[in-house]
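Below: one structure, written as C-alpha cells.
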There are 2 protein chains.
Amino acid sequence: MTIAQVSECTGLTAHTLRYYERTGLLLQPPPRGGNGHRRYTERDVGWVRLLTRLRATGMPITGMRRYAEMAREGRDTYAARKELLEAHRADVLARIEQLRDDLALIENKINTYDKLMGEL
Amino acid sequence: MTIAQVSECTGLTAHTLRYYERTGLLLQPPPRGGNGHRRYTERDVGWVRLLTRLRATGMPITGMRRYAEMAREGRDTYAARKELLEAHRADVLARIEQLRDDLALIENKINTYDKLMGEL
DNA sequence: GCTTGACTTAGAGCGCGCTCCAACTCCCAG
DNA sequence: CTGGGAGTTGGAGCGCGCTCTAAGTCAAGC
C-alpha cells in the first residue's frame with residue numbers, strides 16, 4: 001500500500017504518517033519500492049489504527065513511543081506492554097468519570113437558565 | 001480576595017487568572033485596591049469555577065469567550081447561553097461515547113496479551 | 001521531450017493554552 | 001532605612017502535536 005492509501009484508511013495525513021515514523025512510533029520504517037516510495041502492509045495499517053486509538057484516548061506521543069519500543073523488543077515485553085495499556089485504561093476511565101462530574105455542573109447551569117427564563 | 005487566594009481556591013495560577021482576564025473571560029476585570037492589586041469577589045470565584053469546568057470538558061478559550069460576552073449582555077442572552085451550553089454538553093457526551101469505543105479496542109488488545117502470555 | 005502527479009527530504013512554522021520573565025511598585029516588619 | 005514579599009505590566013517563550021514548505025526525484029501519458 002502507498003502512503004496515500006494508508007492515509008485514506010487510517011484518517012491520518014501522509015504528513016502525520018511520516019512524522020510518526022520519524023519519531024519512532026512505527027514497528028519499523030516501511031521498506032521502499034524501486035521509486036523510493038514507502039510500501040506499507042496490512043499489518044502496518046493495523047498498528048497505525050491502534051496508535052490512533054491510543055492518541056484519541058489521550059495517550060501522549062512519548063507514551064506511544066515507549067509502547068512501540070517495547071513492541072520491537074518482542075515477546076519479553078508482553079507483560080510490560082499489558083501494564084502500560086492497563087495504566088492507560090485506568091487513566092481514561094478516570095477521565096471519563098471526571099468528565100461526568102464536570103458535565104453535571106454544566107447541566108445544573110443549563111437548568112438554572114430554564115428557571116431564569118421561566119420567570120420572564 | 002487577592003489573586004493568590006483565588007488561585008488557591010480555583011486551582012488556576014495567578015498567571016492564568018490574569019491571562020483569562022486579558023483575554024476577556026471574566027465578567028468584568030476585578031476592581032483594584034489602593035495598592036493597584038486586584039480584588040476579587042465570591043461571585044468572581046464562582047464564575048472562574050464554571051470556566052474551569054468548561055475548560056476541563058474541552059471547551060476552547062474562544063467558546064468560553066463567546067459565553068462570557070453573552071453573559072455580559074445580560075438577560076437577553078439567556079436562551080443563547082443555554083444553547084451554547086447544550087451544544088457543548090452534546091459534544092462532551094459524544095466524546096465520552098467515542099472514548100468508550102476507543103477504550104474497547106484497547107481492552108481487546110489487553111486481552112490478547114493475556115492470551116499470548118497464557119501460551120508461554 | 002514535456003507535463004503531471006504522487007512521492008521524497010530536511011527543516012521551518014503554527015495554534016493552543018498557558019507559563020514565565022524583567023522590571024517595576026507598594027507595603028510592612030525589623 | 002532596608003529587605004522581603006506580594007502584587008503589577010507588556011511581552012516573550014514553551015511544549016505538544018502536528019502541518020506545511022521548498023526543492024527535488026521518479027514514472028506514466030501525451
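Labels used: A, B, ... for chains in the order of the C-alpha cells, numbers from 1 for residues in each chain, and numbers from 1 for ligands as shown.
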
Practice prompt. Determine, counting only C-alpha atoms (C1' of nucleotides), which protein, DNA and RNA residues have an atom within 7 Å of an atom of range 101-107 of chain B; residues of the same chain fewer than 4 positions away are not included. Present the result as a ChimeraX atom specification.
Written response: /A:53,57,89 /B:97,111

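By chain and then residue number, the residues within 12 Å of DC26 in chain C are Gly33, Gly34, Asn35, Gly36 and His37 of chain B; DG5, DA6, DG7 and DT8 of chain D, counting only C-alpha atoms (C1' of nucleotides) and disregarding those fewer than 4 positions away in sequence.
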
Discussion item. Just want the 12 Å neighbourhood of DC30 in chain D, counted on only C-alpha atoms (C1' of nucleotides), with same-chain residues fewer than 3 positions away dropped. Output as JSON, numbers by chain.
Written reply: {"C": [1, 2, 3, 4]}

Superposed chain A (on chain B, all in-order C-alpha pairs) as an mmCIF file with N, CA and C atoms, in the first residue's frame:
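Output (part_26.cif):
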```cif
data_model
loop_
_atom_site.group_PDB
_atom_site.id
_atom_site.type_symbol
_atom_site.label_atom_id
_atom_site.label_comp_id
_atom_site.auth_asym_id
_atom_site.auth_seq_id
_atom_site.Cartn_x
_atom_site.Cartn_y
_atom_site.Cartn_z
ATOM 1 N N MET A 1 -10.967 39.327 47.968
ATOM 2 C CA MET A 1 -9.954 38.271 47.888
ATOM 3 C C MET A 1 -8.812 38.697 46.963
ATOM 4 N N THR A 2 -7.623 38.241 47.305
ATOM 5 C CA THR A 2 -6.461 38.538 46.451
ATOM 6 C C THR A 2 -6.350 37.496 45.331
ATOM 7 N N ILE A 3 -5.484 37.790 44.405
ATOM 8 C CA ILE A 3 -5.294 36.860 43.295
ATOM 9 C C ILE A 3 -4.739 35.530 43.804
ATOM 10 N N ALA A 4 -3.898 35.604 44.841
ATOM 11 C CA ALA A 4 -3.323 34.371 45.393
ATOM 12 C C ALA A 4 -4.418 33.496 45.997
ATOM 13 N N GLN A 5 -5.378 34.122 46.648
ATOM 14 C CA GLN A 5 -6.463 33.345 47.252
ATOM 15 C C GLN A 5 -7.345 32.707 46.188
ATOM 16 N N VAL A 6 -7.611 33.453 45.149
ATOM 17 C CA VAL A 6 -8.425 32.907 44.069
ATOM 18 C C VAL A 6 -7.674 31.770 43.382
ATOM 19 N N SER A 7 -6.389 31.976 43.204
ATOM 20 C CA SER A 7 -5.559 30.928 42.634
ATOM 21 C C SER A 7 -5.675 29.670 43.489
ATOM 22 N N GLU A 8 -5.496 29.847 44.771
ATOM 23 C CA GLU A 8 -5.593 28.754 45.740
ATOM 24 C C GLU A 8 -6.906 27.988 45.603
ATOM 25 N N CYS A 9 -7.994 28.725 45.499
ATOM 26 C CA CYS A 9 -9.271 28.022 45.610
ATOM 27 C C CYS A 9 -9.918 27.698 44.269
ATOM 28 N N THR A 10 -9.254 28.035 43.172
ATOM 29 C CA THR A 10 -9.772 27.583 41.873
ATOM 30 C C THR A 10 -8.801 26.613 41.221
ATOM 31 N N GLY A 11 -7.552 26.628 41.693
ATOM 32 C CA GLY A 11 -6.574 25.741 41.089
ATOM 33 C C GLY A 11 -5.871 26.365 39.884
ATOM 34 N N LEU A 12 -6.311 27.527 39.457
ATOM 35 C CA LEU A 12 -5.617 28.219 38.367
ATOM 36 C C LEU A 12 -4.466 29.022 38.963
ATOM 37 N N THR A 13 -3.396 29.182 38.227
ATOM 38 C CA THR A 13 -2.305 30.008 38.725
ATOM 39 C C THR A 13 -2.689 31.478 38.572
ATOM 40 N N ALA A 14 -1.972 32.337 39.313
ATOM 41 C CA ALA A 14 -2.198 33.773 39.186
ATOM 42 C C ALA A 14 -1.954 34.205 37.736
ATOM 43 N N HIS A 15 -0.938 33.629 37.135
ATOM 44 C CA HIS A 15 -0.655 33.918 35.728
ATOM 45 C C HIS A 15 -1.882 33.649 34.863
ATOM 46 N N THR A 16 -2.463 32.494 35.080
ATOM 47 C CA THR A 16 -3.599 32.097 34.248
ATOM 48 C C THR A 16 -4.799 32.991 34.518
ATOM 49 N N LEU A 17 -4.986 33.366 35.767
ATOM 50 C CA LEU A 17 -6.107 34.252 36.084
ATOM 51 C C LEU A 17 -5.957 35.587 35.352
ATOM 52 N N ARG A 18 -4.750 36.097 35.347
ATOM 53 C CA ARG A 18 -4.531 37.361 34.622
ATOM 54 C C ARG A 18 -4.721 37.158 33.131
ATOM 55 N N TYR A 19 -4.261 36.020 32.644
ATOM 56 C CA TYR A 19 -4.437 35.706 31.218
ATOM 57 C C TYR A 19 -5.925 35.629 30.860
ATOM 58 N N TYR A 20 -6.700 34.978 31.678
ATOM 59 C CA TYR A 20 -8.137 34.869 31.439
ATOM 60 C C TYR A 20 -8.775 36.259 31.413
ATOM 61 N N GLU A 21 -8.318 37.092 32.302
ATOM 62 C CA GLU A 21 -8.861 38.446 32.349
ATOM 63 C C GLU A 21 -8.526 39.210 31.060
ATOM 64 N N ARG A 22 -7.264 39.167 30.685
ATOM 65 C CA ARG A 22 -6.806 39.847 29.467
ATOM 66 C C ARG A 22 -7.587 39.409 28.246
ATOM 67 N N THR A 23 -7.865 38.127 28.205
ATOM 68 C CA THR A 23 -8.462 37.567 26.995
ATOM 69 C C THR A 23 -9.986 37.629 27.028
ATOM 70 N N GLY A 24 -10.505 38.312 28.043
ATOM 71 C CA GLY A 24 -11.947 38.592 28.036
ATOM 72 C C GLY A 24 -12.829 37.492 28.583
ATOM 73 N N LEU A 25 -12.288 36.664 29.473
ATOM 74 C CA LEU A 25 -13.079 35.555 29.983
ATOM 75 C C LEU A 25 -13.812 35.898 31.273
ATOM 76 N N LEU A 26 -13.420 36.995 31.901
ATOM 77 C CA LEU A 26 -14.090 37.368 33.152
ATOM 78 C C LEU A 26 -15.299 38.241 32.847
ATOM 79 N N LEU A 27 -16.245 38.263 33.767
ATOM 80 C CA LEU A 27 -17.438 39.087 33.548
ATOM 81 C C LEU A 27 -17.043 40.551 33.481
ATOM 82 N N GLN A 28 -16.190 40.932 34.417
ATOM 83 C CA GLN A 28 -15.524 42.233 34.275
ATOM 84 C C GLN A 28 -14.208 42.147 35.032
ATOM 85 N N PRO A 29 -13.256 42.982 34.625
ATOM 86 C CA PRO A 29 -11.976 42.978 35.322
ATOM 87 C C PRO A 29 -12.214 43.343 36.773
ATOM 88 N N PRO A 30 -11.641 42.587 37.691
ATOM 89 C CA PRO A 30 -11.873 42.902 39.105
ATOM 90 C C PRO A 30 -11.321 44.291 39.415
ATOM 91 N N PRO A 31 -12.015 45.050 40.254
ATOM 92 C CA PRO A 31 -11.540 46.373 40.643
ATOM 93 C C PRO A 31 -10.280 46.243 41.483
ATOM 94 N N ARG A 32 -9.547 47.373 41.621
ATOM 95 C CA ARG A 32 -8.272 47.319 42.314
ATOM 96 C C ARG A 32 -8.355 47.988 43.679
ATOM 97 N N GLY A 33 -7.568 47.467 44.611
ATOM 98 C CA GLY A 33 -7.418 48.128 45.909
ATOM 99 C C GLY A 33 -6.478 49.321 45.753
ATOM 100 N N GLY A 34 -6.252 50.045 46.848
ATOM 101 C CA GLY A 34 -5.413 51.238 46.785
ATOM 102 C C GLY A 34 -4.010 50.955 46.268
ATOM 103 N N ASN A 35 -3.537 49.754 46.502
ATOM 104 C CA ASN A 35 -2.189 49.383 46.055
ATOM 105 C C ASN A 35 -2.158 48.892 44.610
ATOM 106 N N GLY A 36 -3.283 48.947 43.927
ATOM 107 C CA GLY A 36 -3.308 48.497 42.539
ATOM 108 C C GLY A 36 -3.543 47.011 42.378
ATOM 109 N N HIS A 37 -3.709 46.306 43.510
ATOM 110 C CA HIS A 37 -3.920 44.854 43.436
ATOM 111 C C HIS A 37 -5.373 44.538 43.128
ATOM 112 N N ARG A 38 -5.568 43.454 42.398
ATOM 113 C CA ARG A 38 -6.930 43.025 42.062
ATOM 114 C C ARG A 38 -7.666 42.560 43.329
ATOM 115 N N ARG A 39 -8.957 42.890 43.395
ATOM 116 C CA ARG A 39 -9.793 42.427 44.507
ATOM 117 C C ARG A 39 -10.972 41.661 43.938
ATOM 118 N N TYR A 40 -10.945 40.356 44.158
ATOM 119 C CA TYR A 40 -11.985 39.488 43.616
ATOM 120 C C TYR A 40 -13.082 39.275 44.635
ATOM 121 N N THR A 41 -14.284 39.032 44.130
ATOM 122 C CA THR A 41 -15.417 38.694 45.002
ATOM 123 C C THR A 41 -15.695 37.199 44.910
ATOM 124 N N GLU A 42 -16.572 36.727 45.793
ATOM 125 C CA GLU A 42 -16.999 35.334 45.747
ATOM 126 C C GLU A 42 -17.647 35.019 44.402
ATOM 127 N N ARG A 43 -18.355 35.991 43.897
ATOM 128 C CA ARG A 43 -19.033 35.800 42.610
ATOM 129 C C ARG A 43 -18.009 35.550 41.503
ATOM 130 N N ASP A 44 -16.905 36.299 41.537
ATOM 131 C CA ASP A 44 -15.827 36.071 40.568
ATOM 132 C C ASP A 44 -15.340 34.626 40.664
ATOM 133 N N VAL A 45 -15.179 34.171 41.894
ATOM 134 C CA VAL A 45 -14.690 32.809 42.092
ATOM 135 C C VAL A 45 -15.667 31.798 41.499
ATOM 136 N N GLY A 46 -16.929 32.009 41.712
ATOM 137 C CA GLY A 46 -17.939 31.111 41.156
ATOM 138 C C GLY A 46 -17.850 31.070 39.639
ATOM 139 N N TRP A 47 -17.701 32.241 39.081
ATOM 140 C CA TRP A 47 -17.587 32.320 37.614
ATOM 141 C C TRP A 47 -16.346 31.579 37.126
ATOM 142 N N VAL A 48 -15.230 31.816 37.788
ATOM 143 C CA VAL A 48 -13.988 31.160 37.380
ATOM 144 C C VAL A 48 -14.126 29.641 37.513
ATOM 145 N N ARG A 49 -14.813 29.219 38.552
ATOM 146 C CA ARG A 49 -15.011 27.775 38.708
ATOM 147 C C ARG A 49 -15.803 27.206 37.539
ATOM 148 N N LEU A 50 -16.801 27.945 37.101
ATOM 149 C CA LEU A 50 -17.554 27.479 35.927
ATOM 150 C C LEU A 50 -16.627 27.410 34.725
ATOM 151 N N LEU A 51 -15.808 28.434 34.556
ATOM 152 C CA LEU A 51 -14.842 28.418 33.446
ATOM 153 C C LEU A 51 -13.971 27.178 33.498
ATOM 154 N N THR A 52 -13.512 26.829 34.694
ATOM 155 C CA THR A 52 -12.631 25.661 34.786
ATOM 156 C C THR A 52 -13.360 24.376 34.373
ATOM 157 N N ARG A 53 -14.645 24.321 34.655
ATOM 158 C CA ARG A 53 -15.402 23.136 34.226
ATOM 159 C C ARG A 53 -15.532 23.104 32.710
ATOM 160 N N LEU A 54 -15.773 24.258 32.149
ATOM 161 C CA LEU A 54 -15.901 24.311 30.692
ATOM 162 C C LEU A 54 -14.582 23.900 30.049
ATOM 163 N N ARG A 55 -13.485 24.421 30.593
ATOM 164 C CA ARG A 55 -12.174 24.047 30.051
ATOM 165 C C ARG A 55 -11.919 22.565 30.221
ATOM 166 N N ALA A 56 -12.191 22.065 31.422
ATOM 167 C CA ALA A 56 -11.904 20.660 31.718
ATOM 168 C C ALA A 56 -12.679 19.733 30.787
ATOM 169 N N THR A 57 -13.804 20.207 30.309
ATOM 170 C CA THR A 57 -14.589 19.396 29.385
ATOM 171 C C THR A 57 -14.248 19.738 27.940
ATOM 172 N N GLY A 58 -13.186 20.489 27.751
ATOM 173 C CA GLY A 58 -12.659 20.668 26.401
ATOM 174 C C GLY A 58 -13.187 21.855 25.630
ATOM 175 N N MET A 59 -13.916 22.759 26.288
ATOM 176 C CA MET A 59 -14.357 23.929 25.526
ATOM 177 C C MET A 59 -13.148 24.819 25.250
ATOM 178 N N PRO A 60 -12.972 25.233 24.001
ATOM 179 C CA PRO A 60 -11.836 26.101 23.703
ATOM 180 C C PRO A 60 -12.040 27.496 24.281
ATOM 181 N N ILE A 61 -10.945 28.208 24.442
ATOM 182 C CA ILE A 61 -10.976 29.566 24.981
ATOM 183 C C ILE A 61 -11.964 30.445 24.210
ATOM 184 N N THR A 62 -11.971 30.315 22.905
ATOM 185 C CA THR A 62 -12.865 31.168 22.106
ATOM 186 C C THR A 62 -14.329 30.917 22.463
ATOM 187 N N GLY A 63 -14.671 29.675 22.740
ATOM 188 C CA GLY A 63 -16.040 29.362 23.135
ATOM 189 C C GLY A 63 -16.375 29.997 24.474
ATOM 190 N N MET A 64 -15.422 29.907 25.384
ATOM 191 C CA MET A 64 -15.656 30.501 26.700
ATOM 192 C C MET A 64 -15.774 32.013 26.568
ATOM 193 N N ARG A 65 -15.029 32.581 25.629
ATOM 194 C CA ARG A 65 -15.108 34.032 25.448
ATOM 195 C C ARG A 65 -16.483 34.424 24.921
ATOM 196 N N ARG A 66 -16.991 33.645 23.970
ATOM 197 C CA ARG A 66 -18.338 33.952 23.465
ATOM 198 C C ARG A 66 -19.354 33.880 24.602
ATOM 199 N N TYR A 67 -19.186 32.862 25.421
ATOM 200 C CA TYR A 67 -20.103 32.693 26.555
ATOM 201 C C TYR A 67 -20.012 33.897 27.498
ATOM 202 N N ALA A 68 -18.799 34.324 27.776
ATOM 203 C CA ALA A 68 -18.599 35.464 28.679
ATOM 204 C C ALA A 68 -19.190 36.740 28.067
ATOM 205 N N GLU A 69 -19.004 36.899 26.789
ATOM 206 C CA GLU A 69 -19.561 38.091 26.124
ATOM 207 C C GLU A 69 -21.075 38.133 26.295
ATOM 208 N N MET A 70 -21.690 36.985 26.083
ATOM 209 C CA MET A 70 -23.143 36.939 26.220
ATOM 210 C C MET A 70 -23.553 37.219 27.657
ATOM 211 N N ALA A 71 -22.788 36.670 28.583
ATOM 212 C CA ALA A 71 -23.132 36.873 29.991
ATOM 213 C C ALA A 71 -23.080 38.364 30.332
ATOM 214 N N ARG A 72 -22.165 39.081 29.719
ATOM 215 C CA ARG A 72 -22.062 40.524 29.975
ATOM 216 C C ARG A 72 -23.261 41.276 29.415
ATOM 217 N N GLU A 73 -23.901 40.707 28.410
ATOM 218 C CA GLU A 73 -25.032 41.410 27.786
ATOM 219 C C GLU A 73 -26.326 41.298 28.590
ATOM 220 N N GLY A 74 -26.341 40.422 29.595
ATOM 221 C CA GLY A 74 -27.513 40.364 30.469
ATOM 222 C C GLY A 74 -28.597 39.393 30.040
ATOM 223 N N ARG A 75 -29.779 39.632 30.573
ATOM 224 C CA ARG A 75 -30.893 38.694 30.436
ATOM 225 C C ARG A 75 -31.242 38.314 28.997
ATOM 226 N N ASP A 76 -31.018 39.235 28.088
ATOM 227 C CA ASP A 76 -31.402 38.980 26.694
ATOM 228 C C ASP A 76 -30.740 37.739 26.106
ATOM 229 N N THR A 77 -29.631 37.345 26.686
ATOM 230 C CA THR A 77 -28.884 36.241 26.076
ATOM 231 C C THR A 77 -29.074 34.920 26.815
ATOM 232 N N TYR A 78 -30.037 34.859 27.706
ATOM 233 C CA TYR A 78 -30.262 33.596 28.432
ATOM 234 C C TYR A 78 -30.411 32.433 27.464
ATOM 235 N N ALA A 79 -31.263 32.608 26.478
ATOM 236 C CA ALA A 79 -31.545 31.502 25.561
ATOM 237 C C ALA A 79 -30.282 31.097 24.800
ATOM 238 N N ALA A 80 -29.566 32.092 24.321
ATOM 239 C CA ALA A 80 -28.354 31.803 23.545
ATOM 240 C C ALA A 80 -27.307 31.114 24.413
ATOM 241 N N ARG A 81 -27.195 31.558 25.646
ATOM 242 C CA ARG A 81 -26.224 30.941 26.546
ATOM 243 C C ARG A 81 -26.601 29.502 26.830
ATOM 244 N N LYS A 82 -27.879 29.291 27.034
ATOM 245 C CA LYS A 82 -28.321 27.923 27.289
ATOM 246 C C LYS A 82 -28.031 27.038 26.079
ATOM 247 N N GLU A 83 -28.269 27.584 24.895
ATOM 248 C CA GLU A 83 -27.995 26.799 23.689
ATOM 249 C C GLU A 83 -26.505 26.463 23.574
ATOM 250 N N LEU A 84 -25.690 27.439 23.889
ATOM 251 C CA LEU A 84 -24.245 27.187 23.822
ATOM 252 C C LEU A 84 -23.877 26.044 24.761
ATOM 253 N N LEU A 85 -24.406 26.091 25.967
ATOM 254 C CA LEU A 85 -24.078 25.029 26.928
ATOM 255 C C LEU A 85 -24.649 23.691 26.482
ATOM 256 N N GLU A 86 -25.829 23.721 25.894
ATOM 257 C CA GLU A 86 -26.413 22.451 25.444
ATOM 258 C C GLU A 86 -25.606 21.845 24.301
ATOM 259 N N ALA A 87 -25.156 22.704 23.408
ATOM 260 C CA ALA A 87 -24.322 22.211 22.310
ATOM 261 C C ALA A 87 -23.034 21.609 22.887
ATOM 262 N N HIS A 88 -22.513 22.288 23.877
ATOM 263 C CA HIS A 88 -21.288 21.779 24.489
ATOM 264 C C HIS A 88 -21.550 20.439 25.183
ATOM 265 N N ARG A 89 -22.667 20.357 25.867
ATOM 266 C CA ARG A 89 -23.006 19.089 26.526
ATOM 267 C C ARG A 89 -23.074 17.958 25.511
ATOM 268 N N ALA A 90 -23.678 18.241 24.375
ATOM 269 C CA ALA A 90 -23.778 17.218 23.325
ATOM 270 C C ALA A 90 -22.378 16.800 22.872
ATOM 271 N N ASP A 91 -21.507 17.778 22.701
ATOM 272 C CA ASP A 91 -20.124 17.472 22.322
ATOM 273 C C ASP A 91 -19.485 16.534 23.331
ATOM 274 N N VAL A 92 -19.636 16.888 24.580
ATOM 275 C CA VAL A 92 -18.961 16.116 25.622
ATOM 276 C C VAL A 92 -19.520 14.701 25.670
ATOM 277 N N LEU A 93 -20.827 14.573 25.578
ATOM 278 C CA LEU A 93 -21.408 13.239 25.607
ATOM 279 C C LEU A 93 -20.902 12.421 24.430
ATOM 280 N N ALA A 94 -20.792 13.053 23.272
ATOM 281 C CA ALA A 94 -20.287 12.343 22.095
ATOM 282 C C ALA A 94 -18.837 11.925 22.334
ATOM 283 N N ARG A 95 -18.067 12.792 22.950
ATOM 284 C CA ARG A 95 -16.669 12.460 23.203
ATOM 285 C C ARG A 95 -16.562 11.294 24.179
ATOM 286 N N ILE A 96 -17.435 11.281 25.160
ATOM 287 C CA ILE A 96 -17.413 10.170 26.109
ATOM 288 C C ILE A 96 -17.723 8.863 25.378
ATOM 289 N N GLU A 97 -18.696 8.908 24.494
ATOM 290 C CA GLU A 97 -19.034 7.710 23.719
ATOM 291 C C GLU A 97 -17.839 7.243 22.901
ATOM 292 N N GLN A 98 -17.216 8.192 22.237
ATOM 293 C CA GLN A 98 -16.057 7.880 21.403
ATOM 294 C C GLN A 98 -14.948 7.268 22.243
ATOM 295 N N LEU A 99 -14.766 7.838 23.409
ATOM 296 C CA LEU A 99 -13.748 7.356 24.333
ATOM 297 C C LEU A 99 -14.026 5.898 24.702
ATOM 298 N N ARG A 100 -15.286 5.602 24.941
ATOM 299 C CA ARG A 100 -15.655 4.223 25.276
ATOM 300 C C ARG A 100 -15.320 3.273 24.145
ATOM 301 N N ASP A 101 -15.639 3.685 22.930
ATOM 302 C CA ASP A 101 -15.331 2.857 21.756
ATOM 303 C C ASP A 101 -13.839 2.591 21.665
ATOM 304 N N ASP A 102 -13.077 3.672 21.748
ATOM 305 C CA ASP A 102 -11.633 3.541 21.604
ATOM 306 C C ASP A 102 -11.083 2.656 22.711
ATOM 307 N N LEU A 103 -11.644 2.818 23.892
ATOM 308 C CA LEU A 103 -11.203 2.024 25.019
ATOM 309 C C LEU A 103 -11.494 0.544 24.798
ATOM 310 N N ALA A 104 -12.599 0.269 24.150
ATOM 311 C CA ALA A 104 -12.962 -1.124 23.909
ATOM 312 C C ALA A 104 -11.871 -1.808 23.090
ATOM 313 N N LEU A 105 -11.372 -1.110 22.093
ATOM 314 C CA LEU A 105 -10.330 -1.702 21.262
ATOM 315 C C LEU A 105 -9.054 -1.911 22.069
ATOM 316 N N ILE A 106 -8.779 -0.966 22.935
ATOM 317 C CA ILE A 106 -7.582 -1.091 23.763
ATOM 318 C C ILE A 106 -7.734 -2.264 24.730
ATOM 319 N N GLU A 107 -8.938 -2.465 25.220
ATOM 320 C CA GLU A 107 -9.162 -3.595 26.118
ATOM 321 C C GLU A 107 -9.022 -4.926 25.383
ATOM 322 N N ASN A 108 -9.444 -4.953 24.141
ATOM 323 C CA ASN A 108 -9.208 -6.155 23.335
ATOM 324 C C ASN A 108 -7.731 -6.464 23.311
ATOM 325 N N LYS A 109 -6.980 -5.423 23.094
ATOM 326 C CA LYS A 109 -5.532 -5.595 23.010
ATOM 327 C C LYS A 109 -4.978 -6.136 24.330
ATOM 328 N N ILE A 110 -5.483 -5.615 25.421
ATOM 329 C CA ILE A 110 -5.061 -6.112 26.733
ATOM 330 C C ILE A 110 -5.358 -7.606 26.838
ATOM 331 N N ASN A 111 -6.526 -7.988 26.373
ATOM 332 C CA ASN A 111 -6.904 -9.396 26.430
ATOM 333 C C ASN A 111 -6.007 -10.270 25.565
ATOM 334 N N THR A 112 -5.603 -9.728 24.431
ATOM 335 C CA THR A 112 -4.719 -10.541 23.589
ATOM 336 C C THR A 112 -3.396 -10.778 24.307
ATOM 337 N N TYR A 113 -2.960 -9.829 25.101
ATOM 338 C CA TYR A 113 -1.721 -10.068 25.858
ATOM 339 C C TYR A 113 -1.927 -11.181 26.868
ATOM 340 N N ASP A 114 -3.103 -11.209 27.485
ATOM 341 C CA ASP A 114 -3.389 -12.298 28.412
ATOM 342 C C ASP A 114 -3.249 -13.635 27.699
ATOM 343 N N LYS A 115 -3.835 -13.713 26.524
ATOM 344 C CA LYS A 115 -3.787 -14.977 25.785
ATOM 345 C C LYS A 115 -2.361 -15.318 25.388
ATOM 346 N N LEU A 116 -1.667 -14.341 24.846
ATOM 347 C CA LEU A 116 -0.290 -14.575 24.418
ATOM 348 C C LEU A 116 0.564 -15.051 25.588
ATOM 349 N N MET A 117 0.343 -14.480 26.739
ATOM 350 C CA MET A 117 1.144 -14.844 27.895
ATOM 351 C C MET A 117 0.725 -16.200 28.446
ATOM 352 N N GLY A 118 -0.538 -16.528 28.257
ATOM 353 C CA GLY A 118 -1.002 -17.835 28.707
ATOM 354 C C GLY A 118 -0.313 -18.946 27.946
ATOM 355 N N GLU A 119 0.075 -18.676 26.711
ATOM 356 C CA GLU A 119 0.686 -19.700 25.865
ATOM 357 C C GLU A 119 2.156 -19.968 26.203
ATOM 358 N N LEU A 120 2.715 -19.101 26.992
ATOM 359 C CA LEU A 120 4.147 -19.286 27.315
ATOM 360 C C LEU A 120 4.327 -20.253 28.476
#
```

Worksheet entry | 8 Å contacts from chain D to chain A using only C-alpha atoms (C1' of nucleotides), as a ChimeraX atom specification | /D:18-19,26

Worksheet item: Please, what distance in Å, to one decimal, runs between C1' of DG13 in chain D and C1' of DT9 in chain C?
Response: 28.9 Å

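Going from C1' of DC24 in chain C over to C1' of DT9 in chain D, you cover 8.1 Å.
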
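Take the candidates C:DC28, C:DT19, C:DG5, C:DG11 and check each one against chain B using only C-alpha atoms (C1' of nucleotides); the shortest distance goes to C:DT19.
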